[in-house]
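To start, the structure under review is shown below, and the notes come after it.
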Amino acid sequence: MSMTMRVLLMPLGLIWVKLQKHNTDVQGLRYKSGLHCASRILQTEGVKGLYSGATSSFLGMAFESSLMFGIYSQAKLFLRGTSRDDDGPRPEIIVPSAMFGGAIISFVLCPTELVKCRMQIQGTDSLVPTIRRYSSPLDCAVQTLKNEGVTGIFRGGSATLLRECVGNAMFFTVYEYLRYRIHSRLEGSKLKDGYLVDMGIGVLTGGLGGIACWSAVLPFDVAKTIIQTSTDKATERNPLKVLSSIHKRAGLKGCYAGLGPTIVRAFPANAAAIVAWEFSMKMLGIKRD
């Protein structure tokens, strides 16, 4: 369910990458909105254009959710130790567990997202010269390694690390607190153990957690896109300096380029991820704390 939902939402990811690249660049086309960007892609490239970079994006997603939830759960168990007190969510456990998981998966996501972003900015409106375009995700990865070395494939690693650590800390904090509050209100009610109720709570808490996460870390994602889509070795790689430069050129709006499609995608994608995770745990007989 989670993977299917994310595949269906891939075009929104493509749109926000194009908005981040084009609407923060010094020159070139400016998209008026996410809808303007989508219509341009459909007019010039067709439906196929909405799924550019889908292969590398799919590979990254296949590992991301399972790895993140697994590390987060194990880190929470480790930090909690033998304590089983039901005193509600504990930020001193949730935040470091989420940040640790985010740090680990950033090493998986960085190269796959670099390939995805470089494939996605290609197209009729692209600022990339035709002679420098990639024929496939594999060609992109090979050419990047050949021209930029191993460090090149991990370009944007700092921005990815910041995004994943801060984003997952925000996501799991909001998710855990909302989930606890809702279940506390339902204590003693006949609705508490209903499957549809559990699914509804998962959709709400996961979706709102996703919105909170991306609202907090979108500027890091914008910086990551700018860093990863540049092939110039002299390009600034410090995400904070890149954001400062974007802010000077395009203001706060530039730092939040692609906010619309990001938020639209964040709710269903994260809601599906949480529902799938909780359902898997229930099927495996793993008790949620």
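Lettering and numbering for the structure tokens are positional, with chains as A, B, ... in the shown order, residues counted from 1 in each chain, and ligands counted from 1 in the shown order.
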
Counting only C-alpha atoms, what is within 9 Å of Phe107 of chain A, bar same-chain residues fewer than 4 positions away, as a PDB file with N, CA and C atoms, in the first residue's frame?
ATOM      1  N   ALA A 103      20.054   9.611   9.929  1.00  0.00           N
ATOM      2  CA  ALA A 103      21.468   9.679   9.546  1.00  0.00           C
ATOM      3  C   ALA A 103      21.877   8.454   8.739  1.00  0.00           C
ATOM      4  N   PRO A 111      22.887   9.064  -2.963  1.00  0.00           N
ATOM      5  CA  PRO A 111      23.206   8.731  -4.358  1.00  0.00           C
ATOM      6  C   PRO A 111      21.977   8.470  -5.228  1.00  0.00           C
ATOM      7  N   PHE A 154      28.053  11.263  -4.021  1.00  0.00           N
ATOM      8  CA  PHE A 154      27.533  11.631  -2.698  1.00  0.00           C
ATOM      9  C   PHE A 154      27.452  13.150  -2.532  1.00  0.00           C
ATOM     10  N   GLY A 157      25.473  15.372   0.271  1.00  0.00           N
ATOM     11  CA  GLY A 157      25.351  14.504   1.439  1.00  0.00           C
ATOM     12  C   GLY A 157      25.016  15.259   2.719  1.00  0.00           C
ATOM     13  N   THR A 160      21.373  16.285   2.629  1.00  0.00           N
ATOM     14  CA  THR A 160      20.526  15.102   2.828  1.00  0.00           C
ATOM     15  C   THR A 160      20.529  14.690   4.290  1.00  0.00           C
ATOM     16  N   LEU A 161      21.703  14.714   4.909  1.00  0.00           N
ATOM     17  CA  LEU A 161      21.830  14.362   6.325  1.00  0.00           C
ATOM     18  C   LEU A 161      21.002  15.293   7.203  1.00  0.00           C
TER      19      LEU A 161
END

List the neighbours of Met170 of chain A out to 8 Å using only C-alpha atoms; skip same-chain residues closer than 5 positions along the sequence, and give me the result as a list in words.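 Returned residues: Val95, Gly209, Ala212, Cys213 and Ala216 of chain A.
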
Generate the output file for the selected residues, N, CA, C and O atoms, as a PDB file, in the first residue's frame.
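Output file again.pdb follows:
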ATOM      1  N   VAL A  95      13.401  11.633  19.695  1.00  0.00           N
ATOM      2  CA  VAL A  95      14.242  12.491  18.846  1.00  0.00           C
ATOM      3  C   VAL A  95      15.574  11.833  18.470  1.00  0.00           C
ATOM      4  O   VAL A  95      15.899  11.751  17.275  1.00  0.00           O
ATOM      5  N   GLY A 209       2.064  14.248  10.488  1.00  0.00           N
ATOM      6  CA  GLY A 209       3.502  14.152  10.755  1.00  0.00           C
ATOM      7  C   GLY A 209       4.304  14.476   9.498  1.00  0.00           C
ATOM      8  O   GLY A 209       5.332  15.163   9.553  1.00  0.00           O
ATOM      9  N   ALA A 212       4.208  18.270   8.855  1.00  0.00           N
ATOM     10  CA  ALA A 212       5.099  18.956   9.800  1.00  0.00           C
ATOM     11  C   ALA A 212       6.559  18.766   9.398  1.00  0.00           C
ATOM     12  O   ALA A 212       7.366  19.709   9.428  1.00  0.00           O
ATOM     13  N   CYS A 213       6.892  17.541   9.010  1.00  0.00           N
ATOM     14  CA  CYS A 213       8.257  17.213   8.604  1.00  0.00           C
ATOM     15  C   CYS A 213       8.706  18.062   7.426  1.00  0.00           C
ATOM     16  O   CYS A 213       9.740  18.742   7.476  1.00  0.00           O
ATOM     17  N   ALA A 216       9.155  21.790   7.846  1.00  0.00           N
ATOM     18  CA  ALA A 216      10.372  22.142   8.578  1.00  0.00           C
ATOM     19  C   ALA A 216      11.635  22.014   7.733  1.00  0.00           C
ATOM     20  O   ALA A 216      12.566  22.816   7.859  1.00  0.00           O
TER      21      ALA A 216
END

Which is closest to Arg30 of chain A among A:Gly102, A:Gly285, A:Gly254, A:Pro137, if we use only C-alpha atoms?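 That would be A:Gly254, the residue with the smallest distance to Arg30 of chain A.
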
Pick out the closest residue to Asn23 of chain A from this set: A:Thr151, A:Ile263, A:His247, A:Ser280. Count only C-alpha atoms. A:His247

Set the distance at 10 Å and use only C-alpha atoms: which residues neighbour segment 225-229 of chain A once local chain neighbours fewer than 6 positions away are removed? I'd like the list as a PyMOL selection string. chain A and resi 16-18+20-22+24-25+110-111+113-121+128+152-157+159-160+219+235-239+242-243+246

Residues as selected, N, CA and C atoms, written as a short mmCIF file (atom, residue, chain, number, x, y, z; two decimals), in the first residue's frame, can you do that?
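What ended up in out30.cif:
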data_model
loop_
_atom_site.label_atom_id
_atom_site.label_comp_id
_atom_site.auth_asym_id
_atom_site.auth_seq_id
_atom_site.Cartn_x
_atom_site.Cartn_y
_atom_site.Cartn_z
N TRP A 16 8.11 19.20 -7.88
CA TRP A 16 8.77 20.04 -6.87
C TRP A 16 10.27 20.16 -7.13
N VAL A 17 10.90 19.14 -7.72
CA VAL A 17 12.33 19.24 -8.07
C VAL A 17 12.52 20.29 -9.16
N LYS A 18 11.63 20.28 -10.17
CA LYS A 18 11.73 21.27 -11.25
C LYS A 18 11.50 22.69 -10.72
N GLN A 20 12.13 23.70 -7.69
CA GLN A 20 13.31 24.05 -6.90
C GLN A 20 14.49 24.46 -7.78
N LYS A 21 14.67 23.76 -8.88
CA LYS A 21 15.80 24.05 -9.78
C LYS A 21 15.57 25.32 -10.58
N HIS A 22 14.42 25.42 -11.23
CA HIS A 22 14.17 26.54 -12.15
C HIS A 22 13.83 27.84 -11.42
N THR A 24 14.74 28.94 -8.57
CA THR A 24 15.78 29.51 -7.71
C THR A 24 17.05 29.81 -8.50
N ASP A 25 17.06 29.48 -9.80
CA ASP A 25 18.24 29.70 -10.62
C ASP A 25 18.33 31.17 -11.03
N CYS A 110 21.14 9.56 -0.55
CA CYS A 110 21.92 10.58 -1.24
C CYS A 110 22.25 10.21 -2.69
N PRO A 111 22.89 9.06 -2.96
CA PRO A 111 23.21 8.73 -4.36
C PRO A 111 21.98 8.47 -5.23
N GLU A 113 18.98 9.77 -4.85
CA GLU A 113 18.30 11.03 -5.10
C GLU A 113 19.10 11.93 -6.03
N LEU A 114 20.42 11.84 -6.00
CA LEU A 114 21.24 12.59 -6.94
C LEU A 114 20.91 12.18 -8.37
N VAL A 115 20.86 10.86 -8.60
CA VAL A 115 20.52 10.35 -9.93
C VAL A 115 19.10 10.77 -10.30
N LYS A 116 18.17 10.64 -9.36
CA LYS A 116 16.78 11.01 -9.61
C LYS A 116 16.66 12.48 -10.00
N CYS A 117 17.30 13.36 -9.23
CA CYS A 117 17.21 14.80 -9.49
C CYS A 117 17.83 15.17 -10.84
N ARG A 118 18.97 14.56 -11.16
CA ARG A 118 19.62 14.88 -12.44
C ARG A 118 18.80 14.39 -13.63
N MET A 119 18.11 13.28 -13.45
CA MET A 119 17.24 12.80 -14.51
C MET A 119 15.99 13.68 -14.63
N GLN A 120 15.49 14.13 -13.49
CA GLN A 120 14.24 14.89 -13.48
C GLN A 120 14.36 16.29 -14.05
N ILE A 121 15.52 16.92 -13.94
CA ILE A 121 15.65 18.29 -14.46
C ILE A 121 15.88 18.30 -15.97
N VAL A 128 19.94 22.22 -18.80
CA VAL A 128 21.06 21.33 -19.08
C VAL A 128 21.25 21.21 -20.60
N GLY A 152 31.54 12.57 -5.95
CA GLY A 152 30.51 13.17 -6.79
C GLY A 152 29.16 12.53 -6.62
N ILE A 153 29.13 11.20 -6.46
CA ILE A 153 27.86 10.49 -6.32
C ILE A 153 27.22 10.77 -4.96
N PHE A 154 28.05 11.26 -4.02
CA PHE A 154 27.53 11.63 -2.70
C PHE A 154 27.45 13.15 -2.53
N ARG A 155 27.46 13.86 -3.67
CA ARG A 155 27.28 15.32 -3.63
C ARG A 155 25.92 15.63 -2.99
N GLY A 156 25.90 16.57 -2.10
CA GLY A 156 24.65 16.92 -1.40
C GLY A 156 24.43 16.08 -0.15
N GLY A 157 25.47 15.37 0.27
CA GLY A 157 25.35 14.50 1.44
C GLY A 157 25.02 15.26 2.72
N ALA A 159 23.41 18.15 3.01
CA ALA A 159 22.02 18.62 2.96
C ALA A 159 21.04 17.46 3.19
N THR A 160 21.37 16.28 2.63
CA THR A 160 20.53 15.10 2.83
C THR A 160 20.53 14.69 4.29
N PRO A 219 13.51 23.78 3.03
CA PRO A 219 14.68 24.55 2.60
C PRO A 219 15.94 23.69 2.43
N THR A 235 31.19 24.29 -7.40
CA THR A 235 29.93 24.76 -6.82
C THR A 235 29.90 24.58 -5.31
N GLU A 236 29.37 25.57 -4.62
CA GLU A 236 29.27 25.53 -3.16
C GLU A 236 28.45 24.31 -2.72
N ARG A 237 28.97 23.58 -1.72
CA ARG A 237 28.26 22.38 -1.24
C ARG A 237 27.73 22.54 0.18
N ASN A 238 28.04 23.66 0.81
CA ASN A 238 27.53 23.90 2.16
C ASN A 238 26.05 24.31 2.05
N PRO A 239 25.13 23.49 2.54
CA PRO A 239 23.70 23.79 2.36
C PRO A 239 23.27 25.12 2.96
N VAL A 242 24.34 27.82 0.55
CA VAL A 242 23.49 27.74 -0.64
C VAL A 242 22.15 28.40 -0.35
N LEU A 243 21.58 28.10 0.82
CA LEU A 243 20.29 28.70 1.20
C LEU A 243 20.41 30.21 1.35
N ILE A 246 20.32 31.60 -2.11
CA ILE A 246 18.96 31.53 -2.66
C ILE A 246 18.09 32.62 -2.05
#

For Asp87 of chain A, work out the shell of residues within 12 Å, counting only C-alpha atoms and skipping chain neighbours fewer than 5 positions away, then give it as a count of residues only. 6

Could you work out how far atom CA of Met10 of chain A lies from atom CA of Ser136 of chain A, giving the answer in Å with one decimal?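 Between these atoms lies a distance of 17.1 Å.
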
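Using only C-alpha atoms for every distance, the candidate list A:Arg133, A:Ala266, A:Trp277, A:Ser230 yields A:Trp277 as the residue closest to Asp198 of chain A.
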
When you look at Val166 of chain A with a cut-off of 7 Å (counting only C-alpha atoms), what residues show up, excluding the ones that are within fewer than 4 positions of it in the same chain? I need them as a list in words.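 Listed by chain and then number, they are Met99, Leu162, Met170 and Val217 of chain A.
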
Would you output that residue set with N, CA and C atoms, as a short mmCIF file (atom, residue, chain, number, x, y, z; two decimals), in the first residue's frame?
data_model
loop_
_atom_site.label_atom_id
_atom_site.label_comp_id
_atom_site.auth_asym_id
_atom_site.auth_seq_id
_atom_site.Cartn_x
_atom_site.Cartn_y
_atom_site.Cartn_z
N MET A 99 16.59 10.67 14.70
CA MET A 99 17.76 11.30 14.06
C MET A 99 18.81 10.26 13.69
N LEU A 162 21.11 16.60 6.95
CA LEU A 162 20.33 17.57 7.73
C LEU A 162 18.83 17.35 7.53
N MET A 170 11.16 15.51 13.53
CA MET A 170 9.89 16.23 13.51
C MET A 170 8.73 15.27 13.23
N VAL A 217 11.68 21.02 6.86
CA VAL A 217 12.95 20.72 6.18
C VAL A 217 12.98 21.04 4.68
#

Please indicate the distance in Å from atom CA of Asp232 of chain A to atom CA of Leu218 of chain A, rounded to one decimal place.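 The value is 23.4 Å.
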
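Atom CA of Ile94 of chain A is found 9.1 Å from atom CA of Leu79 of chain A.
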
Picked from segment 72-280 of chain A by DSSP as alpha helix (DSSP H), as a ChimeraX atom specification: /A:72-80,91-120,137-153,157-185,195-229,239-255,259-280

Which residue out of A:Ser158, A:Tyr134, A:Ile71, A:Glu92 has the minimum interatomic distance to Ile104 of chain A when only C-alpha atoms are used?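 Closest to Ile104 of chain A, using only C-alpha atoms: A:Ile71.
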
My list of candidates is A:Leu109, A:Lys233, A:Glu164, A:Thr205. Which is closest to Gly149 of chain A when distances are computed with only C-alpha atoms? A:Lys233
